[in-house]
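Novice: What follows is entry10.cif; its format and atoms are mmCIF, C-alpha atoms and all ligand atoms.
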```cif
data_protein
#
loop_
_atom_site.group_PDB
_atom_site.id
_atom_site.type_symbol
_atom_site.label_atom_id
_atom_site.label_comp_id
_atom_site.auth_asym_id
_atom_site.auth_seq_id
_atom_site.Cartn_x
_atom_site.Cartn_y
_atom_site.Cartn_z
ATOM 1 C CA MET A 1388 -12.985 12.588 1.873
ATOM 2 C CA THR A 1389 -15.451 10.501 3.881
ATOM 3 C CA LYS A 1390 -14.763 6.835 4.550
ATOM 4 C CA ASP A 1391 -17.375 5.618 2.081
ATOM 5 C CA LYS A 1392 -15.638 7.494 -0.751
ATOM 6 C CA LEU A 1393 -12.289 5.806 -0.190
ATOM 7 C CA THR A 1394 -11.109 2.201 -0.628
ATOM 8 C CA ALA A 1395 -7.888 0.967 0.943
ATOM 9 C CA ILE A 1396 -5.564 -1.580 -0.646
ATOM 10 C CA ILE A 1397 -2.896 -3.315 1.425
ATOM 11 C CA LEU A 1398 -0.174 -5.230 -0.410
ATOM 12 C CA VAL A 1399 0.808 -8.428 1.375
ATOM 13 C CA GLY A 1400 2.565 -10.484 -1.237
ATOM 14 C CA GLY A 1401 6.217 -9.632 -0.755
ATOM 15 C CA LYS A 1402 8.921 -12.184 -0.045
ATOM 16 C CA SER A 1403 10.239 -10.648 3.205
ATOM 17 C CA SER A 1404 13.677 -11.806 2.067
ATOM 18 C CA ARG A 1405 15.521 -9.186 4.111
ATOM 19 C CA MET A 1406 13.546 -10.054 7.240
ATOM 20 C CA GLY A 1407 13.973 -13.807 6.723
ATOM 21 C CA GLN A 1408 10.395 -14.512 7.820
ATOM 22 C CA ASP A 1409 6.967 -13.118 6.938
ATOM 23 C CA LYS A 1410 7.242 -9.614 8.388
ATOM 24 C CA SER A 1411 3.517 -8.903 8.240
ATOM 25 C CA LEU A 1412 2.918 -11.440 11.037
ATOM 26 C CA LEU A 1413 5.567 -10.109 13.406
ATOM 27 C CA PRO A 1414 4.239 -8.494 16.591
ATOM 28 C CA ILE A 1415 4.902 -4.785 17.054
ATOM 29 C CA ASN A 1416 3.587 -3.128 20.195
ATOM 30 C CA GLY A 1417 1.812 -6.416 20.867
ATOM 31 C CA ILE A 1418 -0.091 -6.785 17.591
ATOM 32 C CA PRO A 1419 0.866 -8.271 14.225
ATOM 33 C CA LEU A 1420 2.265 -5.622 11.881
ATOM 34 C CA LEU A 1421 -0.430 -6.331 9.276
ATOM 35 C CA LEU A 1422 -3.208 -5.818 11.816
ATOM 36 C CA GLY A 1423 -1.788 -2.430 12.794
ATOM 37 C CA VAL A 1424 -1.732 -1.347 9.141
ATOM 38 C CA TYR A 1425 -5.276 -2.670 8.722
ATOM 39 C CA GLN A 1426 -6.476 -0.566 11.662
ATOM 40 C CA VAL A 1427 -5.222 2.610 10.007
ATOM 41 C CA ALA A 1428 -6.719 1.591 6.662
ATOM 42 C CA ALA A 1429 -10.077 0.774 8.256
ATOM 43 C CA ALA A 1430 -10.152 4.122 10.053
ATOM 44 C CA CYS A 1431 -9.846 5.880 6.679
ATOM 45 C CA ALA A 1432 -11.849 3.662 4.317
ATOM 46 C CA ASN A 1433 -14.984 1.535 4.561
ATOM 47 C CA ARG A 1434 -13.563 -1.146 2.305
ATOM 48 C CA VAL A 1435 -10.144 -2.667 2.800
ATOM 49 C CA TYR A 1436 -8.707 -5.034 0.189
ATOM 50 C CA PHE A 1437 -5.732 -7.292 0.832
ATOM 51 C CA ILE A 1438 -3.812 -8.302 -2.273
ATOM 52 C CA THR A 1439 -1.987 -11.535 -1.559
ATOM 53 C CA PRO A 1440 -1.505 -15.070 -2.823
ATOM 54 C CA TRP A 1441 -1.676 -16.299 0.801
ATOM 55 C CA GLN A 1442 -5.136 -15.525 2.169
ATOM 56 C CA GLU A 1443 -5.049 -18.575 4.501
ATOM 57 C CA ARG A 1444 -2.003 -17.180 6.255
ATOM 58 C CA TYR A 1445 -3.715 -13.924 7.231
ATOM 59 C CA GLN A 1446 -7.461 -14.391 7.402
ATOM 60 C CA ASP A 1447 -7.585 -15.538 11.018
ATOM 61 C CA LEU A 1448 -5.885 -12.439 12.349
ATOM 62 C CA LEU A 1449 -8.079 -10.009 10.399
ATOM 63 C CA PRO A 1450 -11.769 -9.104 10.847
ATOM 64 C CA GLU A 1451 -14.249 -11.338 9.071
ATOM 65 C CA ASN A 1452 -15.351 -8.641 6.642
ATOM 66 C CA SER A 1453 -11.842 -8.328 5.209
ATOM 67 C CA ILE A 1454 -11.772 -8.630 1.429
ATOM 68 C CA PHE A 1455 -8.986 -10.697 -0.085
ATOM 69 C CA ILE A 1456 -7.995 -10.437 -3.718
ATOM 70 C CA ARG A 1457 -5.924 -13.382 -4.778
ATOM 71 C CA GLU A 1458 -3.333 -12.060 -7.169
ATOM 72 C CA ASP A 1459 -2.525 -13.857 -10.380
ATOM 73 C CA LEU A 1460 0.835 -15.571 -10.304
ATOM 74 C CA LEU A 1461 3.133 -15.898 -13.306
ATOM 75 C CA LEU A 1462 4.854 -19.286 -13.451
ATOM 76 C CA GLY A 1463 4.069 -19.659 -9.746
ATOM 77 C CA GLU A 1464 5.689 -16.329 -8.810
ATOM 78 C CA THR A 1465 4.284 -13.047 -7.598
ATOM 79 C CA GLN A 1466 4.924 -10.204 -10.008
ATOM 80 C CA GLY A 1467 5.878 -7.389 -7.699
ATOM 81 C CA PRO A 1468 4.013 -4.530 -6.053
ATOM 82 C CA LEU A 1469 3.070 -2.580 -9.195
ATOM 83 C CA VAL A 1470 1.338 -5.532 -10.852
ATOM 84 C CA ALA A 1471 -0.299 -6.510 -7.540
ATOM 85 C CA PHE A 1472 -1.609 -2.963 -7.148
ATOM 86 C CA SER A 1473 -3.042 -2.984 -10.676
ATOM 87 C CA GLN A 1474 -4.931 -6.181 -9.870
ATOM 88 C CA GLY A 1475 -6.406 -4.581 -6.769
ATOM 89 C CA LEU A 1476 -7.196 -1.277 -8.455
ATOM 90 C CA ALA A 1477 -9.220 -3.122 -11.075
ATOM 91 C CA GLN A 1478 -11.707 -4.054 -8.318
ATOM 92 C CA VAL A 1479 -12.071 -0.576 -6.865
ATOM 93 C CA GLU A 1480 -15.340 1.327 -7.234
ATOM 94 C CA THR A 1481 -14.511 4.524 -5.357
ATOM 95 C CA GLU A 1482 -12.844 7.509 -6.993
ATOM 96 C CA TRP A 1483 -9.746 7.360 -4.765
ATOM 97 C CA VAL A 1484 -7.719 4.521 -3.240
ATOM 98 C CA LEU A 1485 -5.391 4.553 -0.264
ATOM 99 C CA LEU A 1486 -2.493 2.203 -1.043
ATOM 100 C CA LEU A 1487 -0.456 0.863 1.874
ATOM 101 C CA ALA A 1488 2.438 -1.541 2.255
ATOM 102 C CA CYS A 1489 2.163 -4.133 5.012
ATOM 103 C CA ASP A 1490 5.408 -3.036 6.672
ATOM 104 C CA LEU A 1491 4.577 0.435 8.021
ATOM 105 C CA PRO A 1492 4.775 0.169 11.830
ATOM 106 C CA LYS A 1493 4.654 3.940 12.411
ATOM 107 C CA LEU A 1494 1.526 4.857 10.495
ATOM 108 C CA LYS A 1495 -0.718 7.300 12.345
ATOM 109 C CA ILE A 1496 -4.469 7.329 11.827
ATOM 110 C CA GLU A 1497 -4.817 11.089 12.347
ATOM 111 C CA ILE A 1498 -2.135 11.905 9.795
ATOM 112 C CA VAL A 1499 -3.484 9.628 7.083
ATOM 113 C CA GLN A 1500 -7.007 10.935 7.731
ATOM 114 C CA ALA A 1501 -5.776 14.512 7.423
ATOM 115 C CA TRP A 1502 -4.224 13.648 4.048
ATOM 116 C CA ALA A 1503 -7.493 12.011 2.939
ATOM 117 C CA GLU A 1504 -9.340 15.221 3.741
ATOM 118 C CA LYS A 1505 -7.163 17.059 1.233
ATOM 119 C CA LEU A 1506 -8.144 14.767 -1.652
ATOM 120 C CA VAL A 1507 -11.063 17.006 -2.624
ATOM 121 C CA ASP A 1508 -8.595 19.771 -3.490
ATOM 122 C CA VAL A 1509 -6.194 17.643 -5.552
ATOM 123 C CA ARG A 1510 -5.906 18.853 -9.146
ATOM 124 C CA LYS A 1511 -8.223 16.943 -11.442
ATOM 125 C CA ASP A 1512 -5.536 15.695 -13.800
ATOM 126 C CA ALA A 1513 -3.405 14.132 -11.049
ATOM 127 C CA ILE A 1514 -3.284 10.324 -10.971
ATOM 128 C CA ALA A 1515 -1.952 10.225 -7.414
ATOM 129 C CA PHE A 1516 -1.420 12.200 -4.222
ATOM 130 C CA LEU A 1517 1.845 11.101 -2.609
ATOM 131 C CA ALA A 1518 4.688 12.294 -0.457
ATOM 132 C CA HIS A 1519 7.941 13.065 -2.215
ATOM 133 C CA HIS A 1520 11.435 12.891 -0.777
ATOM 134 C CA PRO A 1521 14.861 13.562 -2.281
ATOM 135 C CA LYS A 1522 15.051 9.869 -3.219
ATOM 136 C CA GLY A 1523 11.682 9.916 -4.975
ATOM 137 C CA TRP A 1524 8.035 9.163 -4.353
ATOM 138 C CA GLU A 1525 6.577 7.240 -1.406
ATOM 139 C CA PRO A 1526 4.413 4.992 -3.571
ATOM 140 C CA LEU A 1527 3.187 2.584 -0.891
ATOM 141 C CA CYS A 1528 1.706 5.056 1.564
ATOM 142 C CA GLY A 1529 -0.568 7.401 -0.348
ATOM 143 C CA PHE A 1530 -3.485 7.849 -2.711
ATOM 144 C CA TYR A 1531 -4.242 6.934 -6.323
ATOM 145 C CA HIS A 1532 -7.117 7.990 -8.540
ATOM 146 C CA ARG A 1533 -9.126 5.157 -9.996
ATOM 147 C CA SER A 1534 -8.756 6.647 -13.464
ATOM 148 C CA SER A 1535 -5.036 5.820 -13.355
ATOM 149 C CA LEU A 1536 -5.788 2.159 -14.148
ATOM 150 C CA PRO A 1537 -5.764 2.205 -17.993
ATOM 151 C CA GLY A 1538 -2.453 4.074 -18.055
ATOM 152 C CA LEU A 1539 -1.037 1.736 -15.429
ATOM 153 C CA ASN A 1540 -2.056 -1.330 -17.415
ATOM 154 C CA GLU A 1541 -0.455 0.133 -20.522
ATOM 155 C CA PHE A 1542 2.772 0.819 -18.615
ATOM 156 C CA ILE A 1543 2.784 -2.766 -17.276
ATOM 157 C CA ASN A 1544 2.002 -4.263 -20.681
ATOM 158 C CA GLU A 1545 5.011 -2.447 -22.073
ATOM 159 C CA GLY A 1546 7.149 -4.146 -19.427
ATOM 160 C CA GLY A 1547 7.157 -1.411 -16.775
ATOM 161 C CA ARG A 1548 7.458 -2.614 -13.174
ATOM 162 C CA SER A 1549 8.669 0.476 -11.318
ATOM 163 C CA PHE A 1550 6.345 2.755 -9.370
ATOM 164 C CA GLN A 1551 8.902 5.568 -9.585
ATOM 165 C CA GLN A 1552 9.108 5.371 -13.376
ATOM 166 C CA TRP A 1553 5.367 5.183 -13.806
ATOM 167 C CA LEU A 1554 4.762 8.101 -11.445
ATOM 168 C CA ASN A 1555 7.419 10.224 -13.131
ATOM 169 C CA GLN A 1556 5.556 9.873 -16.427
ATOM 170 C CA ASN A 1557 2.380 11.269 -14.900
ATOM 171 C CA ILE A 1558 0.992 14.206 -12.979
ATOM 172 C CA VAL A 1559 1.230 13.511 -9.265
ATOM 173 C CA GLU A 1560 0.318 15.999 -6.574
ATOM 174 C CA ILE A 1561 2.659 16.143 -3.616
ATOM 175 C CA ILE A 1562 1.346 15.554 -0.106
ATOM 176 C CA PRO A 1563 2.568 18.585 1.817
ATOM 177 C CA SER A 1564 4.169 16.719 4.691
ATOM 178 C CA ASN A 1565 7.363 17.082 6.629
ATOM 179 C CA GLN A 1566 6.647 13.730 8.233
ATOM 180 C CA THR A 1567 9.315 11.129 7.741
ATOM 181 C CA SER A 1568 8.786 8.623 10.537
ATOM 182 C CA ILE A 1569 5.327 7.672 9.272
ATOM 183 C CA PHE A 1570 6.989 6.122 6.202
ATOM 184 C CA PHE A 1571 9.413 4.060 8.287
ATOM 185 C CA ASN A 1572 9.685 0.618 6.708
ATOM 186 C CA CYS A 1573 10.210 -2.516 8.701
ATOM 187 C CA ASN A 1574 12.328 -4.458 6.228
ATOM 188 C CA THR A 1575 15.106 -6.030 8.315
ATOM 189 C CA PRO A 1576 15.561 -7.528 11.803
ATOM 190 C CA GLU A 1577 17.293 -4.289 12.756
ATOM 191 C CA ASP A 1578 14.274 -2.257 11.597
ATOM 192 C CA LEU A 1579 12.086 -4.532 13.699
ATOM 193 C CA ALA A 1580 14.067 -3.628 16.797
ATOM 194 C CA ASN A 1581 13.361 0.055 15.997
ATOM 195 C CA SER A 1582 9.685 -0.397 15.216
ATOM 196 C CA ALA A 1583 8.054 -0.341 18.636
ATOM 197 C CA GLU A 1584 6.854 3.008 20.019
HETATM 198 N N1 LIG A 1601 0.688 -8.504 -3.332
HETATM 199 C C1 LIG A 1601 1.990 -8.270 -3.503
HETATM 200 N N2 LIG A 1601 2.631 -7.464 -2.636
HETATM 201 C C2 LIG A 1601 3.957 -7.278 -2.818
HETATM 202 C C3 LIG A 1601 4.683 -7.887 -3.861
HETATM 203 N N3 LIG A 1601 5.990 -7.502 -3.746
HETATM 204 C C4 LIG A 1601 6.063 -6.687 -2.676
HETATM 205 N N4 LIG A 1601 4.826 -6.552 -2.112
HETATM 206 C C5 LIG A 1601 4.468 -5.741 -0.960
HETATM 207 O O1 LIG A 1601 4.959 -4.447 -1.185
HETATM 208 C C6 LIG A 1601 5.364 -3.859 0.066
HETATM 209 C C7 LIG A 1601 6.786 -3.376 0.011
HETATM 210 O O2 LIG A 1601 7.640 -4.459 -0.289
HETATM 211 P P1 LIG A 1601 9.052 -4.676 0.398
HETATM 212 O O3 LIG A 1601 9.241 -3.797 1.554
HETATM 213 O O4 LIG A 1601 10.119 -4.721 -0.651
HETATM 214 O O5 LIG A 1601 8.787 -6.127 0.964
HETATM 215 P P2 LIG A 1601 9.213 -7.534 0.497
HETATM 216 O O6 LIG A 1601 9.246 -7.617 -1.000
HETATM 217 O O7 LIG A 1601 8.319 -8.456 1.222
HETATM 218 O O8 LIG A 1601 10.652 -7.649 1.148
HETATM 219 P P3 LIG A 1601 12.089 -7.985 0.571
HETATM 220 O O9 LIG A 1601 11.995 -9.387 0.011
HETATM 221 O O10 LIG A 1601 12.981 -7.913 1.758
HETATM 222 O O11 LIG A 1601 12.367 -6.944 -0.481
HETATM 223 C C8 LIG A 1601 5.095 -4.921 1.124
HETATM 224 O O12 LIG A 1601 3.818 -4.661 1.663
HETATM 225 C C9 LIG A 1601 5.084 -6.209 0.337
HETATM 226 O O13 LIG A 1601 4.284 -7.220 0.948
HETATM 227 C C10 LIG A 1601 3.969 -8.736 -4.756
HETATM 228 O O14 LIG A 1601 4.521 -9.313 -5.695
HETATM 229 N N5 LIG A 1601 2.636 -8.903 -4.529
HETATM 230 MG MG MG A 1602 9.435 -2.270 2.656
#
```
What do you get writing this file as structure tokens?
Specialist:
Amino acid sequence: MTKDKLTAIILVGGKSSRMGQDKSLLPINGIPLLLGVYQVAAACANRVYFITPWQERYQDLLPENSIFIREDLLLGETQGPLVAFSQGLAQVETEWVLLLACDLPKLKIEIVQAWAEKLVDVRKDAIAFLAHHPKGWEPLCGFYHRSSLPGLNEFINEGGRSFQQWLNQNIVEIIPSNQTSIFFNCNTPEDLANSAE
């Protein structure tokens, strides 16, 4: 899939409670974690959306053409990654979206691009193209079809907040990947110490 046919969404609205400080700003290999994720997203997609309530916190470290979507808060609180994703997906005009968390220090451009190239062969009734591990889906490092939005909104309106539950109710094609390090999540200070290459 060429870059103009793909939009990337990066979720940057988590609480970083395990890290104890905003993990997306922490330097890894000399650059803020969020910037590293952005670079992978921008190599795969012409448009990159950041879903966050805190645009001011991030805009200076990102290129000027970055697109921020300010998520709706509920009683002053963020509503979790599934609701944030639905708010971003509503703005997407391309057929497929690359969804990324902000805490993926080991993403590799070539690998994500190789996955994107397989999107043309994904079965037409699949809502997503994701890696699957014994513990479940990797929802925050993979692809979603734009047509998944109405079903997602319905799931959310019925109270659903879990990616795993939503995905298990739908047809999802599995990314054939034996990669595990690419999904490494920098959630804790200990993870941070293991994040540099
Ligand atoms: N926009 C948005 N992103 C979210 C929200 N909740 C989590 N995320 C993002 O989803 C990704 C995965 O979240 P976690 O790894 O659990 O991060 P976290 O919620 O910041 O961290 P903990 O508080 O330690 O669980 C990260 O990119 C978060 O920034 C939310 O309510 N809104
Ligand atoms: Mg995480």
Novice: Would you name the residues within 9 Å of ligand LIG 1601 (chain A), counting only C-alpha atoms and all ligand atoms, and put them as an NGL selection string?
Specialist: :A and (1397-1407 or 1409-1411 or 1421 or 1437-1440 or 1456-1458 or 1460 or 1464-1472 or 1474-1475 or 1487-1491 or 1527 or 1572-1575)
Novice: A:Tyr1436, A:Gln1446, A:Glu1482, A:Lys1392: which is nearest Arg1533 in chain A, counting all atoms listed in the file?
Specialist: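 Closest to Arg1533 in chain A, using all atoms listed in the file: A:Glu1482.
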Novice: Find the residues near Glu1504 in chain A: any atom within 12 Å, counting all atoms listed in the file, skip ones fewer than 2 places away on the same chain, and give them as number ranges by chain.
Specialist: A: 1388-1390, 1392-1393, 1431-1432, 1483, 1497-1502, 1506-1509, 1516, 1530, 1562
Novice: Please evaluate the PyMOL selection byres (((chain A and resi 1553) around 12) and not hetatm) against the structure above and give the resulting residues as JSON, numbers by chain.
Specialist: {"A": [1469, 1470, 1514, 1515, 1523, 1524, 1526, 1535, 1536, 1538, 1539, 1540, 1541, 1542, 1543, 1545, 1546, 1547, 1548, 1549, 1550, 1551, 1552, 1554, 1555, 1556, 1557, 1558, 1559]}
Novice: Could you please take those selected residues and save C-alpha atoms as a short mmCIF file (atom, residue, chain, number, x, y, z; two decimals), in the frame of the given file?
Specialist:
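As a result, part_39.cif now contains:
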```cif
data_model
loop_
_atom_site.label_atom_id
_atom_site.label_comp_id
_atom_site.auth_asym_id
_atom_site.auth_seq_id
_atom_site.Cartn_x
_atom_site.Cartn_y
_atom_site.Cartn_z
CA LEU A 1469 3.07 -2.58 -9.20
CA VAL A 1470 1.34 -5.53 -10.85
CA ILE A 1514 -3.28 10.32 -10.97
CA ALA A 1515 -1.95 10.22 -7.41
CA GLY A 1523 11.68 9.92 -4.97
CA TRP A 1524 8.04 9.16 -4.35
CA PRO A 1526 4.41 4.99 -3.57
CA SER A 1535 -5.04 5.82 -13.36
CA LEU A 1536 -5.79 2.16 -14.15
CA GLY A 1538 -2.45 4.07 -18.06
CA LEU A 1539 -1.04 1.74 -15.43
CA ASN A 1540 -2.06 -1.33 -17.42
CA GLU A 1541 -0.46 0.13 -20.52
CA PHE A 1542 2.77 0.82 -18.61
CA ILE A 1543 2.78 -2.77 -17.28
CA GLU A 1545 5.01 -2.45 -22.07
CA GLY A 1546 7.15 -4.15 -19.43
CA GLY A 1547 7.16 -1.41 -16.77
CA ARG A 1548 7.46 -2.61 -13.17
CA SER A 1549 8.67 0.48 -11.32
CA PHE A 1550 6.34 2.76 -9.37
CA GLN A 1551 8.90 5.57 -9.59
CA GLN A 1552 9.11 5.37 -13.38
CA LEU A 1554 4.76 8.10 -11.44
CA ASN A 1555 7.42 10.22 -13.13
CA GLN A 1556 5.56 9.87 -16.43
CA ASN A 1557 2.38 11.27 -14.90
CA ILE A 1558 0.99 14.21 -12.98
CA VAL A 1559 1.23 13.51 -9.26
#
```
Novice: What is the distance, in Å and to one decimal place, between CA of Ala1518 in chain A and CA of Ile1415 in chain A?
Specialist: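 Atom-to-atom, CA of Ala1518 in chain A to CA of Ile1415 in chain A, that is 24.5 Å.
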Novice: Please determine, counting all atoms listed in the file, which residue among A:Ile1396, A:Ala1428, A:Ile1496, A:Cys1528 has the shortest atom-to-atom distance to ligand MG 1602 (chain A).
Specialist: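 Of the candidates, the smallest distance to ligand MG 1602 (chain A) is held by A:Cys1528.
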Novice: Enter the distance from CA of Pro1450 in chain A to CA of His1532 in chain A, in Å, rounded to one decimal.
Specialist: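 Those two atoms sit 26.3 Å apart.
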Novice: Would you mind telling me which residue in A:Thr1394, A:Asn1565, A:Gln1408, A:Asn1416 lies nearest to Asn1581 in chain A when using only C-alpha atoms?
Specialist: A:Asn1416
Novice: Around all of range 1481-1498 of chain A's listed atoms, make the axis-aligned box with 3 Å on each side and tell me centre and edge lengths in Å to one decimal, as lines of an AutoDock Vina configuration file.
Specialist:
```
center_x = -4.6
center_y = 3.9
center_z = 2.7
size_x = 25.9
size_y = 22.0
size_z = 25.4
```
Novice: Which is closer to Pro1414 in chain A than all the others in A:Leu1517, A:Phe1570, A:Pro1492, A:Asp1447, using all atoms listed in the file?
Specialist: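 Among the listed residues, A:Pro1492 lies closest to Pro1414 in chain A.
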Novice: Of the candidates A:Glu1560, A:Tyr1531, A:Val1435, A:Lys1493, which one gets nearest to Arg1510 in chain A if we count only C-alpha atoms?
Specialist: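 Checking each of A:Glu1560, A:Tyr1531, A:Val1435, A:Lys1493 against Arg1510 in chain A, counting only C-alpha atoms, the winner is A:Glu1560.
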Novice: Give the answer as one residue: which of A:Ser1582, A:Trp1441, A:Phe1571, A:Thr1481 has the shortest atom-to-atom distance to ligand MG 1602 (chain A), using only C-alpha atoms and all ligand atoms?
Specialist: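 Under the stated criterion, the closest residue is A:Phe1571.
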Novice: In Å to one decimal, how far is CA of His1520 in chain A from CA of Thr1567 in chain A?
Specialist: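 The value is 9.0 Å.
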Novice: Place a sphere of radius 12 Å on (-18.8, -9.1, 7.2) in the file coordinates and name every protein, DNA or RNA residue with an atom inside or on its surface, counting only C-alpha atoms; give the answer as JSON, numbers by chain.
Specialist: {"A": [1433, 1434, 1435, 1449, 1450, 1451, 1452, 1453, 1454]}
